[in-house]
$ cat final_39.cif   # mmCIF, C-alpha atoms, pLDDT in the B column; chains and numbers go by the auth columns
data_input
#
loop_
_atom_site.group_PDB
_atom_site.id
_atom_site.type_symbol
_atom_site.label_atom_id
_atom_site.label_comp_id
_atom_site.label_asym_id
_atom_site.label_seq_id
_atom_site.Cartn_x
_atom_site.Cartn_y
_atom_site.Cartn_z
_atom_site.B_iso_or_equiv
_atom_site.auth_seq_id
_atom_site.auth_asym_id
ATOM 1 C CA MET A 1 0.072 24.550 -16.600 54.00 1 A
ATOM 2 C CA PRO A 2 2.506 27.341 -17.480 55.00 2 A
ATOM 3 C CA ARG A 3 6.165 26.505 -17.667 56.00 3 A
ATOM 4 C CA ARG A 4 8.228 27.748 -14.792 53.00 4 A
ATOM 5 C CA PRO A 5 11.281 29.868 -15.543 49.00 5 A
ATOM 6 C CA SER A 6 14.470 27.823 -15.636 47.00 6 A
ATOM 7 C CA HIS A 7 16.305 30.267 -13.381 42.00 7 A
ATOM 8 C CA ARG A 8 13.909 29.717 -10.493 48.00 8 A
ATOM 9 C CA ARG A 9 14.234 26.665 -8.268 51.00 9 A
ATOM 10 C CA LEU A 10 11.205 25.407 -6.460 57.00 10 A
ATOM 11 C CA SER A 11 11.806 24.754 -2.812 70.00 11 A
ATOM 12 C CA ARG A 12 10.073 22.083 -0.808 76.00 12 A
ATOM 13 C CA PRO A 13 7.737 23.614 1.764 81.00 13 A
ATOM 14 C CA GLU A 14 8.658 23.372 5.415 87.00 14 A
ATOM 15 C CA PRO A 15 6.751 20.671 7.356 82.00 15 A
ATOM 16 C CA THR A 16 4.395 23.183 9.000 85.00 16 A
ATOM 17 C CA GLU A 17 3.708 24.899 5.678 89.00 17 A
ATOM 18 C CA GLU A 18 3.186 21.514 4.000 91.00 18 A
ATOM 19 C CA ARG A 19 0.632 20.524 6.659 91.00 19 A
ATOM 20 C CA ALA A 20 -1.193 23.840 6.173 93.00 20 A
ATOM 21 C CA LEU A 21 -1.259 23.253 2.402 94.00 21 A
ATOM 22 C CA LEU A 22 -2.519 19.709 2.961 94.00 22 A
ATOM 23 C CA ALA A 23 -5.311 20.963 5.219 94.00 23 A
ATOM 24 C CA ALA A 24 -6.311 23.574 2.641 95.00 24 A
ATOM 25 C CA ALA A 25 -6.133 21.046 -0.222 95.00 25 A
ATOM 26 C CA GLN A 26 -8.292 18.571 1.689 94.00 26 A
ATOM 27 C CA ALA A 27 -10.782 21.392 2.290 95.00 27 A
ATOM 28 C CA GLY A 28 -10.994 21.928 -1.473 94.00 28 A
ATOM 29 C CA SER A 29 -8.409 24.615 -2.202 94.00 29 A
ATOM 30 C CA THR A 30 -7.177 24.146 -5.772 95.00 30 A
ATOM 31 C CA PRO A 31 -4.209 26.552 -5.366 96.00 31 A
ATOM 32 C CA ALA A 32 -3.027 24.629 -2.264 95.00 32 A
ATOM 33 C CA ARG A 33 -3.323 21.283 -4.089 95.00 33 A
ATOM 34 C CA GLN A 34 -1.450 22.699 -7.075 95.00 34 A
ATOM 35 C CA ALA A 35 1.288 24.090 -4.815 94.00 35 A
ATOM 36 C CA LEU A 36 1.717 20.668 -3.186 94.00 36 A
ATOM 37 C CA LEU A 37 1.885 18.908 -6.548 95.00 37 A
ATOM 38 C CA VAL A 38 4.347 21.381 -8.043 94.00 38 A
ATOM 39 C CA ALA A 39 6.550 21.241 -4.941 94.00 39 A
ATOM 40 C CA SER A 40 6.434 17.409 -4.963 94.00 40 A
ATOM 41 C CA LEU A 41 7.273 16.944 -8.642 95.00 41 A
ATOM 42 C CA PRO A 42 11.088 17.010 -8.215 95.00 42 A
ATOM 43 C CA GLY A 43 10.838 14.411 -5.432 94.00 43 A
ATOM 44 C CA VAL A 44 8.568 12.204 -7.528 95.00 44 A
ATOM 45 C CA ARG A 45 10.976 12.456 -10.470 95.00 45 A
ATOM 46 C CA ALA A 46 13.887 11.541 -8.196 94.00 46 A
ATOM 47 C CA LEU A 47 11.951 8.552 -6.821 93.00 47 A
ATOM 48 C CA VAL A 48 11.153 7.281 -10.314 94.00 48 A
ATOM 49 C CA LEU A 49 14.734 7.779 -11.478 93.00 49 A
ATOM 50 C CA ALA A 50 16.117 5.959 -8.436 92.00 50 A
ATOM 51 C CA GLN A 51 13.747 3.006 -8.744 90.00 51 A
ATOM 52 C CA TYR A 52 13.365 2.728 -12.529 90.00 52 A
ATOM 53 C CA ARG A 53 16.594 4.090 -13.976 88.00 53 A
ATOM 54 C CA ARG A 54 16.591 1.678 -16.935 86.00 54 A
ATOM 55 C CA GLU A 55 12.951 2.183 -17.932 84.00 55 A
ATOM 56 C CA PRO A 56 12.600 3.900 -21.302 83.00 56 A
ATOM 57 C CA ASP A 57 9.239 5.488 -20.405 86.00 57 A
ATOM 58 C CA ARG A 58 10.151 7.209 -17.128 90.00 58 A
ATOM 59 C CA ASP A 59 7.989 10.232 -17.983 92.00 59 A
ATOM 60 C CA ASP A 60 4.959 7.939 -18.109 92.00 60 A
ATOM 61 C CA LEU A 61 5.941 6.537 -14.717 93.00 61 A
ATOM 62 C CA VAL A 62 6.209 10.062 -13.284 95.00 62 A
ATOM 63 C CA GLN A 63 2.753 10.822 -14.670 94.00 63 A
ATOM 64 C CA GLU A 64 1.292 7.702 -13.037 94.00 64 A
ATOM 65 C CA ALA A 65 2.943 8.638 -9.738 95.00 65 A
ATOM 66 C CA MET A 66 1.560 12.176 -9.901 95.00 66 A
ATOM 67 C CA ILE A 67 -1.953 10.806 -10.464 94.00 67 A
ATOM 68 C CA GLU A 68 -1.542 8.695 -7.335 95.00 68 A
ATOM 69 C CA LEU A 69 -0.196 11.716 -5.439 95.00 69 A
ATOM 70 C CA HIS A 70 -3.521 13.484 -6.084 93.00 70 A
ATOM 71 C CA ALA A 71 -5.294 10.667 -4.224 93.00 71 A
ATOM 72 C CA ALA A 72 -2.630 10.550 -1.489 94.00 72 A
ATOM 73 C CA ILE A 73 -3.313 14.204 -0.651 95.00 73 A
ATOM 74 C CA ASP A 74 -6.890 13.266 0.194 93.00 74 A
ATOM 75 C CA ARG A 75 -5.854 10.165 2.184 92.00 75 A
ATOM 76 C CA TYR A 76 -3.250 11.977 4.302 92.00 76 A
ATOM 77 C CA ASP A 77 -4.298 11.971 7.967 89.00 77 A
ATOM 78 C CA LEU A 78 -3.668 15.401 9.431 89.00 78 A
ATOM 79 C CA ALA A 79 -4.758 14.174 12.869 87.00 79 A
ATOM 80 C CA HIS A 80 -1.815 11.762 13.145 79.00 80 A
ATOM 81 C CA PRO A 81 0.575 13.285 15.701 70.00 81 A
ATOM 82 C CA ALA A 82 3.790 12.126 14.040 70.00 82 A
ATOM 83 C CA GLY A 83 2.628 13.318 10.595 75.00 83 A
ATOM 84 C CA ALA A 84 5.146 12.224 7.998 85.00 84 A
ATOM 85 C CA ARG A 85 5.994 14.398 5.027 89.00 85 A
ATOM 86 C CA LEU A 86 3.654 13.941 2.059 91.00 86 A
ATOM 87 C CA LEU A 87 6.161 12.108 -0.159 92.00 87 A
ATOM 88 C CA THR A 88 7.216 9.840 2.697 91.00 88 A
ATOM 89 C CA PHE A 89 3.575 8.981 3.341 91.00 89 A
ATOM 90 C CA ALA A 90 2.742 8.531 -0.366 94.00 90 A
ATOM 91 C CA ARG A 91 5.872 6.611 -1.451 95.00 91 A
ATOM 92 C CA PRO A 92 4.423 3.076 -1.096 95.00 92 A
ATOM 93 C CA ALA A 93 1.247 4.077 -2.947 95.00 93 A
ATOM 94 C CA LEU A 94 3.245 5.784 -5.712 95.00 94 A
ATOM 95 C CA LEU A 95 5.443 2.732 -6.229 95.00 95 A
ATOM 96 C CA GLY A 96 2.383 0.460 -6.150 95.00 96 A
ATOM 97 C CA ARG A 97 0.664 2.532 -8.842 95.00 97 A
ATOM 98 C CA ILE A 98 3.787 2.448 -10.992 94.00 98 A
ATOM 99 C CA GLU A 99 4.072 -1.332 -10.629 93.00 99 A
ATOM 100 C CA ARG A 100 0.409 -1.809 -11.579 92.00 100 A
ATOM 101 C CA TYR A 101 0.980 0.380 -14.641 91.00 101 A
ATOM 102 C CA ARG A 102 4.059 -1.645 -15.627 89.00 102 A
ATOM 103 C CA ARG A 103 2.110 -4.919 -15.211 89.00 103 A
ATOM 104 C CA ARG A 104 -0.671 -3.574 -17.432 88.00 104 A
ATOM 105 C CA LEU A 105 1.922 -2.647 -20.043 86.00 105 A
ATOM 106 C CA ARG A 106 3.523 -6.113 -19.948 85.00 106 A
ATOM 107 C CA ALA A 107 0.110 -7.771 -20.156 84.00 107 A
ATOM 108 C CA GLY A 108 -0.881 -5.614 -23.107 80.00 108 A
ATOM 109 C CA LEU A 109 -3.802 -4.095 -21.223 68.00 109 A
ATOM 110 C CA HIS A 110 -2.574 -0.534 -21.646 59.00 110 A
ATOM 111 C CA GLU A 111 -2.909 0.118 -25.338 59.00 111 A
ATOM 112 C CA PRO A 112 -1.446 3.051 -27.247 52.00 112 A
ATOM 113 C CA PRO A 113 -3.854 5.307 -29.166 49.00 113 A
ATOM 114 C CA SER A 114 -5.578 3.548 -32.016 50.00 114 A
ATOM 115 C CA GLU A 115 -4.460 4.014 -35.594 47.00 115 A
ATOM 116 C CA GLU A 116 -7.862 5.539 -36.272 49.00 116 A
ATOM 117 C CA ALA A 117 -7.030 8.635 -34.256 47.00 117 A
ATOM 118 C CA ILE A 118 -5.041 11.594 -35.517 46.00 118 A
ATOM 119 C CA VAL A 119 -3.793 14.701 -33.782 48.00 119 A
ATOM 120 C CA ASP A 120 -4.407 18.017 -35.513 45.00 120 A
ATOM 121 C CA ASP A 121 -2.393 21.222 -35.144 44.00 121 A
ATOM 122 C CA GLU A 122 -4.216 22.203 -31.962 47.00 122 A
ATOM 123 C CA HIS A 123 -3.407 18.891 -30.227 47.00 123 A
ATOM 124 C CA THR A 124 -6.950 17.581 -30.203 46.00 124 A
ATOM 125 C CA VAL A 125 -7.742 14.028 -31.127 46.00 125 A
ATOM 126 C CA GLU A 126 -10.291 13.339 -33.833 48.00 126 A
ATOM 127 C CA ALA A 127 -11.457 9.966 -35.065 47.00 127 A
ATOM 128 C CA ILE A 128 -11.066 9.180 -38.766 48.00 128 A
ATOM 129 C CA ASP A 129 -14.306 8.063 -40.380 43.00 129 A
#
$ encode --input "final_39.cif" --output "structure tokens"
Amino acid sequence: MPRRPSHRRLSRPEPTEERALLAAAQAGSTPARQALLVASLPGVRALVLAQYRREPDRDDLVQEAMIELHAAIDRYDLAHPAGARLLTFARPALLGRIERYRRRLRAGLHEPPSEEAIVDDEHTVEAID
């Protein structure tokens, strides 16, 4: 994903625009899904910072939350008359995913890359024979 210019602030879509993007994303539109994810990233970062301020691996927590947000887009019910904003709807699922990730880390179930893997100059992983 290309880096966005630092001088440009992303604005959160209006509720009607967000619902239109959600409908398009649920219908399979990749640009609509990407627009929702990009627009939601600052809110997800703020949520992680507010809930897990002392965690050293907050970027990993943001990544886990963004993975869950992908699924939340598909679960969002557009037919619900009082349709909440996407982040409001997804917040419990995002926090649940983060907590499951943290439990896996504490239990040692989430292992870092093995010592047998190296990263070359092009950022691809190759196994050492």
$ resolve_selection --input "final_39.cif" --expression "the PyMOL selection byres ((chain A and resi 15) around 12)" --output "PyMOL selection string"
chain A and resi 12-14+16-22+36+78+82-88
$ resolve_selection --input "final_39.cif" --expression "the PyMOL selection byres ((chain A and resi 48) around 12)" --output "PyMOL selection string"
chain A and resi 41-47+49-66+91+94-99
$ atom_distance --input "final_39.cif" --atom1 "atom CA of Ala32 of chain A" --atom2 "atom CA of Ala72 of chain A"
14.1 Å
$ atom_distance --input "final_39.cif" --atom1 "atom CA of Asp77 of chain A" --atom2 "atom CA of Pro31 of chain A"
19.8 Å
$ closest_residue --input "final_39.cif" --among "A:Ala79, A:Ala90, A:Arg104, A:His70" --to "Val38 of chain A" --atoms "all atoms listed in the file"
A:His70
$ closest_residue --input "final_39.cif" --among "A:Glu68, A:Ser40, A:Ser11, A:Ile73" --to "Arg100 of chain A" --atoms "only C-alpha atoms"
A:Glu68
$ closest_residue --input "final_39.cif" --among "A:Gln34, A:Ala24, A:Pro81, A:Arg106" --to "Leu69 of chain A" --atoms "all atoms listed in the file"
A:Gln34
$ atom_distance --input "final_39.cif" --atom1 "atom CA of Arg103 of chain A" --atom2 "atom CA of Ile67 of chain A"
16.9 Å
